[in-house]
Amino acid sequence: MVSRTGVCTDAARTTGRSRRHRIAVLALPGVPPFELGIPSRVFGSAQDADGRPLYDVVVCTADGAPVLSDAGFTVQPAAGPEALAGADTVIVPPTHAMPELGHGGPLPPEVGAAIAGIRPGTRLVSICSGSYVLAAAGLLDGRPATTHWNLAPEFRRAYPKVRVDEEVLFVDDGDVLTSAGVAAGVDLCLHVIRRDHGAAVANRAARMCVVPPWRDGGQAQYIDRPVPEPTVATTTATRAWALEHLGEPLSLARLAEHARMSLRSFTRRFRDEVGMTPVQWLTAQRLEMAKQLLETTDLSIDLVAHRAGFGSGNSLRAHMRTAFGVSPAAYRRTFSPHEPGTPAAPAAAVG
């Protein structure tokens, strides 16, 4: 499943396990400190309703020895390759010290051996050009994946068996997930938390990290394009207005009228700024609202559909099956934090 904004497609939740989910972050030579720190910061902010941490995160190296970051200081790992072998999830941040991977070259022997020691079934995650490491190990062959948009042409040439999509923030292919450049690693980590524990836990973690729970659009919005002059009208205000009126009929003509643009100009400007069409963006926002209502209220499916702007329960069902592969009722059973018989939050409490 390819996701632009954090779609949940399975019920791989860790609530109720006897131990916390173990995450090993593989620090390679030339690792950027920012990307290396993302998993510890984001997953370390994920807590259950009683404030207990949900993940154990450890930084390791392929041989247990310190590695030099691309910022010029040494990273002293807490563990070696044994952490990879015992992890439930392995995260590979980028490396700027293995240029041979850009030509499809082999992994260094110690890195290859460490990757080979990961247990089958372990969830694999890469951040930015960490996808090169997974691709070099053959773990992305035949799979959809992403990387930094600026590296996509090189990545395609080096690893032609990988189905690269440089327009998304991250790709969720079940047990293998890849993110776009730099801060998209935050989006992917929040998505994993959302997939494991639902939106409420992910939203709390996002607030602790002072980042949005999800970002609109995809990586396409960051690919080189002419920047609009300050005097050129934008769709920002109209998008903010639309989010306040999702339950109303919002035709393309009405959006363009609000932005005081022609239909053609509005559609072109919107796509340049957001990376998708107005209709695609509006559907994504309505789906996000529907998910929140399903998770946090006991409203009927028809009323959720009405408030999210889908008009009818059948329309909501069709959109959720297309986007997520599940029905609204199945989604609610999977991700609602309320136990059977426990009343959900009143509808009026939903912002």
# chains A, B, ... in the order shown; residues from 1 in each chain; ligands from 1
>>> residues_around(residues="Pro120 of chain A", least_positions_apart="6", cutoff="12 Å", atoms="only C-alpha atoms", output="PyMOL selection string")
chain A and resi 84-90+139+175-176
>>> write_last_selection(atoms="N, CA and C atoms", output="PDB file, in the first residue's frame")
ATOM      1  N   LEU A  84      19.859  -6.303  16.051  1.00  0.00           N
ATOM      2  CA  LEU A  84      19.076  -6.510  14.835  1.00  0.00           C
ATOM      3  C   LEU A  84      18.398  -7.869  14.866  1.00  0.00           C
ATOM      4  N   ALA A  85      19.126  -8.871  15.331  1.00  0.00           N
ATOM      5  CA  ALA A  85      18.591 -10.239  15.351  1.00  0.00           C
ATOM      6  C   ALA A  85      17.434 -10.381  16.334  1.00  0.00           C
ATOM      7  N   GLY A  86      17.401  -9.555  17.374  1.00  0.00           N
ATOM      8  CA  GLY A  86      16.347  -9.672  18.380  1.00  0.00           C
ATOM      9  C   GLY A  86      15.246  -8.650  18.256  1.00  0.00           C
ATOM     10  N   ALA A  87      15.281  -7.836  17.187  1.00  0.00           N
ATOM     11  CA  ALA A  87      14.320  -6.738  17.058  1.00  0.00           C
ATOM     12  C   ALA A  87      13.017  -7.189  16.424  1.00  0.00           C
ATOM     13  N   ASP A  88      11.937  -6.479  16.762  1.00  0.00           N
ATOM     14  CA  ASP A  88      10.656  -6.647  16.079  1.00  0.00           C
ATOM     15  C   ASP A  88      10.582  -5.752  14.843  1.00  0.00           C
ATOM     16  N   THR A  89      11.251  -4.605  14.931  1.00  0.00           N
ATOM     17  CA  THR A  89      11.341  -3.663  13.816  1.00  0.00           C
ATOM     18  C   THR A  89      12.780  -3.186  13.703  1.00  0.00           C
ATOM     19  N   VAL A  90      13.304  -3.160  12.492  1.00  0.00           N
ATOM     20  CA  VAL A  90      14.640  -2.630  12.227  1.00  0.00           C
ATOM     21  C   VAL A  90      14.492  -1.394  11.353  1.00  0.00           C
ATOM     22  N   LEU A 139      16.158  -6.680  -0.561  1.00  0.00           N
ATOM     23  CA  LEU A 139      14.919  -6.733   0.207  1.00  0.00           C
ATOM     24  C   LEU A 139      13.794  -5.910  -0.404  1.00  0.00           C
ATOM     25  N   ASP A 175       5.345  -5.453   5.552  1.00  0.00           N
ATOM     26  CA  ASP A 175       6.468  -5.670   6.450  1.00  0.00           C
ATOM     27  C   ASP A 175       7.705  -4.887   6.044  1.00  0.00           C
ATOM     28  N   VAL A 176       7.631  -4.132   4.943  1.00  0.00           N
ATOM     29  CA  VAL A 176       8.733  -3.278   4.506  1.00  0.00           C
ATOM     30  C   VAL A 176       8.178  -1.894   4.210  1.00  0.00           C
TER      31      VAL A 176
END
>>> residues_around(residues="Pro212 of chain A", least_positions_apart="3", cutoff="10 Å", atoms="only C-alpha atoms", output="list in words")
Val186, Asp187, Leu190, Asn203, Ala205, Ala206, Arg207, Cys209, Arg215 and Asp216 of chain A
>>> closest_residue(among="A:Ser126, A:Ser251, A:Thr296, A:Thr235", to="Gly181 of chain A", atoms="only C-alpha atoms")
A:Ser126
>>> atom_distance(atom1="atom CA of Val92 of chain A", atom2="atom CA of Ser131 of chain A")
7.6 Å
